[in-house]
Amino acid sequence: MEDIVLDLNGSFVALDEMNSIKTEIMNAQETLLDKKGISSEMTGWIDFMDTMDKKEYEEIKKCGKFINENCDAFIILGIGGSYLGAKAAIEAVRGDFHNELKSPQVYYAGQNLSGAYLKKLVEAIKNKEVCVIVISKSGTTLETALSFRIIRNLMEEKYKDEAKNRIFAVTDKNKGALKTMADLNGYKTFVIPDDIGGRYSVITPVGLLPMAAAGINTDEFIRGLKSGRNEYTKRDFHDNICCLYAAARNILSRRGKEIEILVNYEPCCISIAEWWKQLFGESEGKDGKGIFPASLNFTTDLHSMGQFVQDGRKIIFETTIFVENAGDDMEVPYEGDDFDKLNYIAGKKLNYINQKAFEGTFMAHSEGDVPGIIIRIPAMNEFYLGKLFYFFMMTCGISGYTNGIDPFTQPGVEAYKKNMFRLLGRQ
Ligand SMILES: O=P(O)(O)OC[C@H]1O[C@H](O)[C@H](O)[C@@H](O)[C@@H]1O
């Protein structure tokens, strides 16, 4: 297998059902691609790989290399779309235990308001050479701004005038406090385009700069995005897996399957699901509509939430990201006494056993009336990750328009902020 494959064989969705929603899906796709829908001014991500300023891209690679070679650790400050994609990419490509095995180490801040977390982070980086990438489209998000104020002070204390050469900002072209502060202090800045919202921004400097700093090959990532764009903008229902995935999930949702669980069998893919949850949750959860996006990590969670999936309320469908070639592997050793009764799998590779666990789980859940969709990825590298991100973003746009909502706004997130600011006494 040399491409991302969508397998709907266990989805309980029949071909005639797929055909019955085809017109709706194709209309939604046309609305998205021809920029005829609501918030179409936020669809710059569709072609960003081509419209991106080449000079800025070269600067991203240059600064990424600088960070990569000039610190022991760098901190990514951001929340939501301003960090989830970068975290997902760094963990998926650098792999498990990357902070122990690779340099520089990567830390995250500005994604919560916990004093305990920030204090411990400061402690953890105290004796390290540090760089900072601060990311905020609005430039005013409380979590990020607050953490940045504290981290910035520490950087200035430690590096004095040199601090400005170790701080990089990714923000709006013209507006926002972060832009003003970056200009005043002389930080290198990169632009988040106006026509791309936070949760679609992993393909912009928001994702690219942290990836480059972590030593990830961004050229390959962009090649994956372009390959995604070429394939997933095809206006052919049966030959475009975004249309098919959007169709299947909408059919299942209309049948009462209100929760979609994104499942992985590789710990390095856990954060892909976190990114995916924001993408689909903020895009589709509005006007009293939407599929609730959740995630589980198998086989770990088969020993906890597996019970609910198998036997609980029948409101779930399961979408598995399965990595065909997980890379590194280990073999089960043979033991003469066989006390643990594992000799029947001696000589087998763990990745093979993981695959059998997946097949067994899929069958069991299917028997438990849980529809299953499989997204098969040949390997978790920069190319396929770029393509996977594009696949999900395109599906999300089509799915949202199919469901009659605006996939590019998030009005609901303001409610908590208003209350919080009032409680904090902001004028
Ligand atoms: O990049 P920022 O402007 O700081 O926004 C960060 C995040 O926070 C907001 O509240 C939105 O709900 C998200 O869509 C956004 O990604």
# chains A, B, ... in the order shown; residues from 1 in each chain; ligands from 1

$ closest_atom_pairs --of "segment 341-426 of chain A" --to "segment 221-228 of chain A" --cutoff "6 Å" --atoms "only C-alpha atoms" --output "tab-separated table"
residue	atom	partner	partner_atom	distance
A:Glu382	CA	A:Phe221	CA	4.6
A:Phe383	CA	A:Gly224	CA	4.2
A:Tyr384	CA	A:Gly224	CA	5.8
A:Gly386	CA	A:Gly224	CA	4.6
A:Lys387	CA	A:Gly224	CA	4.5
A:Tyr390	CA	A:Gly228	CA	5.8

$ write_last_selection --atoms "N, CA and C atoms" --output "PDB file, in the first residue's frame"
ATOM      1  N   GLU A 382       6.653  12.672   7.408  1.00  0.00           N
ATOM      2  CA  GLU A 382       6.230  14.038   7.096  1.00  0.00           C
ATOM      3  C   GLU A 382       5.233  14.062   5.941  1.00  0.00           C
ATOM      4  N   PHE A 383       5.531  13.282   4.908  1.00  0.00           N
ATOM      5  CA  PHE A 383       4.688  13.279   3.717  1.00  0.00           C
ATOM      6  C   PHE A 383       3.260  12.833   4.052  1.00  0.00           C
ATOM      7  N   TYR A 384       3.148  11.685   4.672  1.00  0.00           N
ATOM      8  CA  TYR A 384       1.799  11.177   4.946  1.00  0.00           C
ATOM      9  C   TYR A 384       1.078  11.998   6.006  1.00  0.00           C
ATOM     10  N   GLY A 386       1.345  15.296   6.347  1.00  0.00           N
ATOM     11  CA  GLY A 386       0.814  16.452   5.616  1.00  0.00           C
ATOM     12  C   GLY A 386      -0.445  16.071   4.864  1.00  0.00           C
ATOM     13  N   LYS A 387      -0.377  14.919   4.230  1.00  0.00           N
ATOM     14  CA  LYS A 387      -1.522  14.465   3.435  1.00  0.00           C
ATOM     15  C   LYS A 387      -2.723  14.154   4.330  1.00  0.00           C
ATOM     16  N   TYR A 390      -4.372  17.360   5.503  1.00  0.00           N
ATOM     17  CA  TYR A 390      -5.172  17.934   4.408  1.00  0.00           C
ATOM     18  C   TYR A 390      -6.466  17.137   4.219  1.00  0.00           C
TER      19      TYR A 390
END

$ closest_atom_pairs --of "chain A" --to "ligand 1" --cutoff "9 Å" --atoms "only C-alpha atoms and all ligand atoms" --output "CSV"
residue,atom,partner,partner_atom_place_in_ligand_line,distance
A:Gly78,CA,ligand 1,4 (O),6.3
A:Ile79,CA,ligand 1,6 (C),4.9
A:Gly80,CA,ligand 1,16 (O),4.0
A:Gly81,CA,ligand 1,16 (O),3.6
A:Ser82,CA,ligand 1,1 (O),4.9
A:Tyr83,CA,ligand 1,16 (O),8.1
A:Leu84,CA,ligand 1,16 (O),8.6
A:Gln111,CA,ligand 1,6 (C),8.8
A:Ile135,CA,ligand 1,1 (O),6.3
A:Ser136,CA,ligand 1,1 (O),3.4
A:Lys137,CA,ligand 1,1 (O),3.7
A:Ser138,CA,ligand 1,3 (O),3.5
A:Gly139,CA,ligand 1,3 (O),5.6
A:Thr140,CA,ligand 1,4 (O),6.3
A:Thr141,CA,ligand 1,4 (O),4.5
A:Leu142,CA,ligand 1,4 (O),7.9
A:Glu143,CA,ligand 1,4 (O),8.1
A:Thr144,CA,ligand 1,4 (O),6.6
A:Ala145,CA,ligand 1,4 (O),8.2
A:Val170,CA,ligand 1,1 (O),8.9
A:Thr171,CA,ligand 1,1 (O),7.4
A:Asp172,CA,ligand 1,3 (O),8.7
A:Ile192,CA,ligand 1,1 (O),8.9
A:Gly197,CA,ligand 1,14 (O),7.0
A:Gly198,CA,ligand 1,16 (O),4.1
A:Arg199,CA,ligand 1,16 (O),5.5
A:Tyr200,CA,ligand 1,16 (O),8.8
A:Ser201,CA,ligand 1,16 (O),8.6
A:Val206,CA,ligand 1,1 (O),8.9
A:Gln278,CA,ligand 1,14 (O),7.7
A:Leu279,CA,ligand 1,14 (O),8.6
A:Glu282,CA,ligand 1,14 (O),7.0
A:Thr409,CA,ligand 1,14 (O),8.0
A:Gln410,CA,ligand 1,12 (O),6.1
A:Pro411,CA,ligand 1,12 (O),8.2
A:Gly412,CA,ligand 1,12 (O),8.2
A:Val413,CA,ligand 1,12 (O),5.3
A:Glu414,CA,ligand 1,10 (O),7.0
A:Lys417,CA,ligand 1,10 (O),8.3

$ closest_residue --among "A:Phe280, A:Phe317, A:Phe168, A:Phe358" --to "Arg255 of chain A" --atoms "only C-alpha atoms"
A:Phe317

$ select_by_dssp --residues "segment 171-234 of chain A" --states "strand (DSSP E or B)" --output "list in words"
Thr171, Lys188, Thr189, Phe190, Val191 and Ile196 of chain A

$ select_by_dssp --residues "segment 340-425 of chain A" --states "alpha helix (DSSP H)" --output "PDB file with N, CA and C atoms, in the first residue's frame"
ATOM      1  N   LEU A 350       6.206  -7.384  17.774  1.00  0.00           N
ATOM      2  CA  LEU A 350       5.138  -6.679  18.502  1.00  0.00           C
ATOM      3  C   LEU A 350       4.182  -5.946  17.563  1.00  0.00           C
ATOM      4  N   ASN A 351       4.731  -5.375  16.503  1.00  0.00           N
ATOM      5  CA  ASN A 351       3.846  -4.649  15.579  1.00  0.00           C
ATOM      6  C   ASN A 351       2.845  -5.594  14.906  1.00  0.00           C
ATOM      7  N   TYR A 352       3.268  -6.835  14.692  1.00  0.00           N
ATOM      8  CA  TYR A 352       2.363  -7.843  14.136  1.00  0.00           C
ATOM      9  C   TYR A 352       1.242  -8.133  15.146  1.00  0.00           C
ATOM     10  N   ILE A 353       1.636  -8.258  16.401  1.00  0.00           N
ATOM     11  CA  ILE A 353       0.649  -8.550  17.452  1.00  0.00           C
ATOM     12  C   ILE A 353      -0.327  -7.373  17.602  1.00  0.00           C
ATOM     13  N   ASN A 354       0.226  -6.157  17.503  1.00  0.00           N
ATOM     14  CA  ASN A 354      -0.611  -4.948  17.563  1.00  0.00           C
ATOM     15  C   ASN A 354      -1.650  -4.974  16.431  1.00  0.00           C
ATOM     16  N   GLN A 355      -1.205  -5.394  15.267  1.00  0.00           N
ATOM     17  CA  GLN A 355      -2.107  -5.472  14.113  1.00  0.00           C
ATOM     18  C   GLN A 355      -3.228  -6.480  14.372  1.00  0.00           C
ATOM     19  N   LYS A 356      -2.877  -7.615  14.973  1.00  0.00           N
ATOM     20  CA  LYS A 356      -3.902  -8.633  15.273  1.00  0.00           C
ATOM     21  C   LYS A 356      -4.868  -8.103  16.330  1.00  0.00           C
ATOM     22  N   ALA A 357      -4.338  -7.308  17.263  1.00  0.00           N
ATOM     23  CA  ALA A 357      -5.213  -6.712  18.279  1.00  0.00           C
ATOM     24  C   ALA A 357      -6.220  -5.790  17.597  1.00  0.00           C
ATOM     25  N   PHE A 358      -5.730  -5.026  16.636  1.00  0.00           N
ATOM     26  CA  PHE A 358      -6.611  -4.125  15.886  1.00  0.00           C
ATOM     27  C   PHE A 358      -7.691  -4.931  15.150  1.00  0.00           C
ATOM     28  N   GLU A 359      -7.267  -5.988  14.459  1.00  0.00           N
ATOM     29  CA  GLU A 359      -8.245  -6.780  13.692  1.00  0.00           C
ATOM     30  C   GLU A 359      -9.281  -7.410  14.621  1.00  0.00           C
ATOM     31  N   GLY A 360      -8.808  -7.925  15.752  1.00  0.00           N
ATOM     32  CA  GLY A 360      -9.724  -8.551  16.711  1.00  0.00           C
ATOM     33  C   GLY A 360     -10.689  -7.528  17.308  1.00  0.00           C
ATOM     34  N   THR A 361     -10.178  -6.348  17.602  1.00  0.00           N
ATOM     35  CA  THR A 361     -11.015  -5.287  18.173  1.00  0.00           C
ATOM     36  C   THR A 361     -12.067  -4.845  17.154  1.00  0.00           C
ATOM     37  N   PHE A 362     -11.612  -4.675  15.942  1.00  0.00           N
ATOM     38  CA  PHE A 362     -12.526  -4.207  14.886  1.00  0.00           C
ATOM     39  C   PHE A 362     -13.702  -5.179  14.729  1.00  0.00           C
ATOM     40  N   MET A 363     -13.371  -6.480  14.723  1.00  0.00           N
ATOM     41  CA  MET A 363     -14.423  -7.507  14.595  1.00  0.00           C
ATOM     42  C   MET A 363     -15.373  -7.444  15.785  1.00  0.00           C
ATOM     43  N   ALA A 364     -14.788  -7.349  16.987  1.00  0.00           N
ATOM     44  CA  ALA A 364     -15.610  -7.346  18.202  1.00  0.00           C
ATOM     45  C   ALA A 364     -16.540  -6.127  18.225  1.00  0.00           C
ATOM     46  N   HIS A 365     -16.011  -4.984  17.887  1.00  0.00           N
ATOM     47  CA  HIS A 365     -16.837  -3.774  17.920  1.00  0.00           C
ATOM     48  C   HIS A 365     -17.917  -3.834  16.844  1.00  0.00           C
ATOM     49  N   SER A 366     -17.568  -4.413  15.730  1.00  0.00           N
ATOM     50  CA  SER A 366     -18.545  -4.583  14.668  1.00  0.00           C
ATOM     51  C   SER A 366     -19.697  -5.461  15.176  1.00  0.00           C
ATOM     52  N   GLU A 367     -19.352  -6.558  15.851  1.00  0.00           N
ATOM     53  CA  GLU A 367     -20.392  -7.430  16.426  1.00  0.00           C
ATOM     54  C   GLU A 367     -21.183  -6.700  17.506  1.00  0.00           C
ATOM     55  N   GLU A 382       6.653  12.672   7.408  1.00  0.00           N
ATOM     56  CA  GLU A 382       6.230  14.038   7.096  1.00  0.00           C
ATOM     57  C   GLU A 382       5.233  14.062   5.941  1.00  0.00           C
ATOM     58  N   PHE A 383       5.531  13.282   4.908  1.00  0.00           N
ATOM     59  CA  PHE A 383       4.688  13.279   3.717  1.00  0.00           C
ATOM     60  C   PHE A 383       3.260  12.833   4.052  1.00  0.00           C
ATOM     61  N   TYR A 384       3.148  11.685   4.672  1.00  0.00           N
ATOM     62  CA  TYR A 384       1.799  11.177   4.946  1.00  0.00           C
ATOM     63  C   TYR A 384       1.078  11.998   6.006  1.00  0.00           C
ATOM     64  N   LEU A 385       1.847  12.601   6.910  1.00  0.00           N
ATOM     65  CA  LEU A 385       1.200  13.433   7.918  1.00  0.00           C
ATOM     66  C   LEU A 385       0.580  14.675   7.256  1.00  0.00           C
ATOM     67  N   GLY A 386       1.345  15.296   6.347  1.00  0.00           N
ATOM     68  CA  GLY A 386       0.814  16.452   5.616  1.00  0.00           C
ATOM     69  C   GLY A 386      -0.445  16.071   4.864  1.00  0.00           C
ATOM     70  N   LYS A 387      -0.377  14.919   4.230  1.00  0.00           N
ATOM     71  CA  LYS A 387      -1.522  14.465   3.435  1.00  0.00           C
ATOM     72  C   LYS A 387      -2.723  14.154   4.330  1.00  0.00           C
ATOM     73  N   LEU A 388      -2.441  13.573   5.491  1.00  0.00           N
ATOM     74  CA  LEU A 388      -3.514  13.241   6.442  1.00  0.00           C
ATOM     75  C   LEU A 388      -4.186  14.512   6.972  1.00  0.00           C
ATOM     76  N   PHE A 389      -3.383  15.512   7.339  1.00  0.00           N
ATOM     77  CA  PHE A 389      -3.950  16.782   7.811  1.00  0.00           C
ATOM     78  C   PHE A 389      -4.870  17.363   6.728  1.00  0.00           C
ATOM     79  N   TYR A 390      -4.372  17.360   5.503  1.00  0.00           N
ATOM     80  CA  TYR A 390      -5.172  17.934   4.408  1.00  0.00           C
ATOM     81  C   TYR A 390      -6.466  17.137   4.219  1.00  0.00           C
ATOM     82  N   PHE A 391      -6.347  15.821   4.299  1.00  0.00           N
ATOM     83  CA  PHE A 391      -7.514  14.939   4.163  1.00  0.00           C
ATOM     84  C   PHE A 391      -8.597  15.313   5.193  1.00  0.00           C
ATOM     85  N   PHE A 392      -8.167  15.506   6.438  1.00  0.00           N
ATOM     86  CA  PHE A 392      -9.147  15.815   7.483  1.00  0.00           C
ATOM     87  C   PHE A 392      -9.723  17.222   7.285  1.00  0.00           C
ATOM     88  N   MET A 393      -8.890  18.177   6.916  1.00  0.00           N
ATOM     89  CA  MET A 393      -9.399  19.551   6.762  1.00  0.00           C
ATOM     90  C   MET A 393     -10.412  19.616   5.619  1.00  0.00           C
ATOM     91  N   MET A 394     -10.078  18.944   4.514  1.00  0.00           N
ATOM     92  CA  MET A 394     -10.996  18.955   3.372  1.00  0.00           C
ATOM     93  C   MET A 394     -12.306  18.250   3.733  1.00  0.00           C
ATOM     94  N   THR A 395     -12.199  17.117   4.404  1.00  0.00           N
ATOM     95  CA  THR A 395     -13.408  16.393   4.819  1.00  0.00           C
ATOM     96  C   THR A 395     -14.261  17.268   5.725  1.00  0.00           C
ATOM     97  N   CYS A 396     -13.603  17.981   6.627  1.00  0.00           N
ATOM     98  CA  CYS A 396     -14.313  18.799   7.608  1.00  0.00           C
ATOM     99  C   CYS A 396     -15.111  19.907   6.914  1.00  0.00           C
ATOM    100  N   GLY A 397     -14.484  20.557   5.932  1.00  0.00           N
ATOM    101  CA  GLY A 397     -15.178  21.616   5.193  1.00  0.00           C
ATOM    102  C   GLY A 397     -16.403  21.063   4.465  1.00  0.00           C
ATOM    103  N   ILE A 398     -16.213  19.921   3.799  1.00  0.00           N
ATOM    104  CA  ILE A 398     -17.320  19.314   3.037  1.00  0.00           C
ATOM    105  C   ILE A 398     -18.419  18.860   3.999  1.00  0.00           C
ATOM    106  N   SER A 399     -17.995  18.217   5.066  1.00  0.00           N
ATOM    107  CA  SER A 399     -18.945  17.681   6.037  1.00  0.00           C
ATOM    108  C   SER A 399     -19.761  18.806   6.676  1.00  0.00           C
ATOM    109  N   GLY A 400     -19.087  19.886   7.013  1.00  0.00           N
ATOM    110  CA  GLY A 400     -19.767  21.013   7.659  1.00  0.00           C
ATOM    111  C   GLY A 400     -20.810  21.636   6.741  1.00  0.00           C
ATOM    112  N   TYR A 401     -20.430  21.902   5.507  1.00  0.00           N
ATOM    113  CA  TYR A 401     -21.412  22.493   4.572  1.00  0.00           C
ATOM    114  C   TYR A 401     -22.562  21.515   4.303  1.00  0.00           C
ATOM    115  N   THR A 402     -22.243  20.226   4.273  1.00  0.00           N
ATOM    116  CA  THR A 402     -23.309  19.225   4.074  1.00  0.00           C
ATOM    117  C   THR A 402     -24.324  19.325   5.208  1.00  0.00           C
ATOM    118  N   GLU A 414     -16.681  32.086  22.870  1.00  0.00           N
ATOM    119  CA  GLU A 414     -16.585  33.401  23.523  1.00  0.00           C
ATOM    120  C   GLU A 414     -17.294  33.442  24.880  1.00  0.00           C
ATOM    121  N   ALA A 415     -18.299  32.571  25.048  1.00  0.00           N
ATOM    122  CA  ALA A 415     -19.148  32.654  26.245  1.00  0.00           C
ATOM    123  C   ALA A 415     -18.326  32.540  27.540  1.00  0.00           C
ATOM    124  N   TYR A 416     -17.450  31.572  27.625  1.00  0.00           N
ATOM    125  CA  TYR A 416     -16.675  31.402  28.864  1.00  0.00           C
ATOM    126  C   TYR A 416     -15.725  32.580  29.080  1.00  0.00           C
ATOM    127  N   LYS A 417     -15.209  33.086  27.953  1.00  0.00           N
ATOM    128  CA  LYS A 417     -14.237  34.186  28.063  1.00  0.00           C
ATOM    129  C   LYS A 417     -14.903  35.419  28.678  1.00  0.00           C
ATOM    130  N   LYS A 418     -16.133  35.705  28.208  1.00  0.00           N
ATOM    131  CA  LYS A 418     -16.856  36.888  28.732  1.00  0.00           C
ATOM    132  C   LYS A 418     -17.008  36.785  30.239  1.00  0.00           C
ATOM    133  N   ASN A 419     -17.472  35.612  30.691  1.00  0.00           N
ATOM    134  CA  ASN A 419     -17.662  35.420  32.136  1.00  0.00           C
ATOM    135  C   ASN A 419     -16.349  35.550  32.890  1.00  0.00           C
ATOM    136  N   MET A 420     -15.318  34.896  32.343  1.00  0.00           N
ATOM    137  CA  MET A 420     -14.011  34.905  33.030  1.00  0.00           C
ATOM    138  C   MET A 420     -13.486  36.336  33.156  1.00  0.00           C
ATOM    139  N   PHE A 421     -13.564  37.104  32.061  1.00  0.00           N
ATOM    140  CA  PHE A 421     -13.036  38.474  32.109  1.00  0.00           C
ATOM    141  C   PHE A 421     -13.829  39.323  33.094  1.00  0.00           C
ATOM    142  N   ARG A 422     -15.160  39.091  33.143  1.00  0.00           N
ATOM    143  CA  ARG A 422     -15.983  39.846  34.095  1.00  0.00           C
ATOM    144  C   ARG A 422     -15.555  39.493  35.523  1.00  0.00           C
ATOM    145  N   LEU A 423     -15.378  38.194  35.764  1.00  0.00           N
ATOM    146  CA  LEU A 423     -14.978  37.753  37.110  1.00  0.00           C
ATOM    147  C   LEU A 423     -13.588  38.270  37.486  1.00  0.00           C
ATOM    148  N   LEU A 424     -12.744  38.477  36.473  1.00  0.00           N
ATOM    149  CA  LEU A 424     -11.394  38.987  36.756  1.00  0.00           C
ATOM    150  C   LEU A 424     -11.370  40.508  36.864  1.00  0.00           C
TER     151      LEU A 424
END

$ atom_distance --atom1 "atom CA of Gly186 of chain A" --atom2 "atom CA of Asp50 of chain A"
28.8 Å

$ residues_around --residues "Glu58 of chain A" --least-positions-apart "3" --cutoff "12 Å" --atoms "only C-alpha atoms" --output "mmCIF file with C-alpha atoms, in the first residue's frame"
data_model
loop_
_atom_site.group_PDB
_atom_site.id
_atom_site.type_symbol
_atom_site.label_atom_id
_atom_site.label_comp_id
_atom_site.auth_asym_id
_atom_site.auth_seq_id
_atom_site.Cartn_x
_atom_site.Cartn_y
_atom_site.Cartn_z
ATOM 1 C CA MET A 52 2.670 30.929 0.357
ATOM 2 C CA ASP A 53 5.360 33.589 0.144
ATOM 3 C CA LYS A 54 8.473 31.665 -0.929
ATOM 4 C CA LYS A 55 10.807 34.125 0.806
ATOM 5 C CA LYS A 61 13.512 27.116 7.435
ATOM 6 C CA LYS A 62 16.390 29.405 8.366
ATOM 7 C CA CYS A 63 14.951 30.333 11.752
ATOM 8 C CA GLY A 64 13.903 26.723 12.362
ATOM 9 C CA LYS A 65 17.497 25.643 11.751
ATOM 10 C CA PHE A 190 5.881 35.265 10.775
ATOM 11 C CA PRO A 205 4.076 29.207 9.803
ATOM 12 C CA LEU A 208 5.907 24.973 9.869
ATOM 13 C CA LEU A 209 8.168 26.987 12.204
ATOM 14 C CA ALA A 212 11.421 23.088 11.316
ATOM 15 C CA THR A 218 8.933 20.675 6.092
ATOM 16 C CA ASP A 219 9.573 20.227 2.348
#

$ closest_residue --among "A:Gly404, A:Phe292, A:Asn297, A:Gly285" --to "Thr31 of chain A" --atoms "only C-alpha atoms"
A:Gly404

$ closest_residue --among "A:Gly327, A:Gln29, A:Ala177, A:Val191" --to "Tyr57 of chain A" --atoms "only C-alpha atoms"
A:Val191
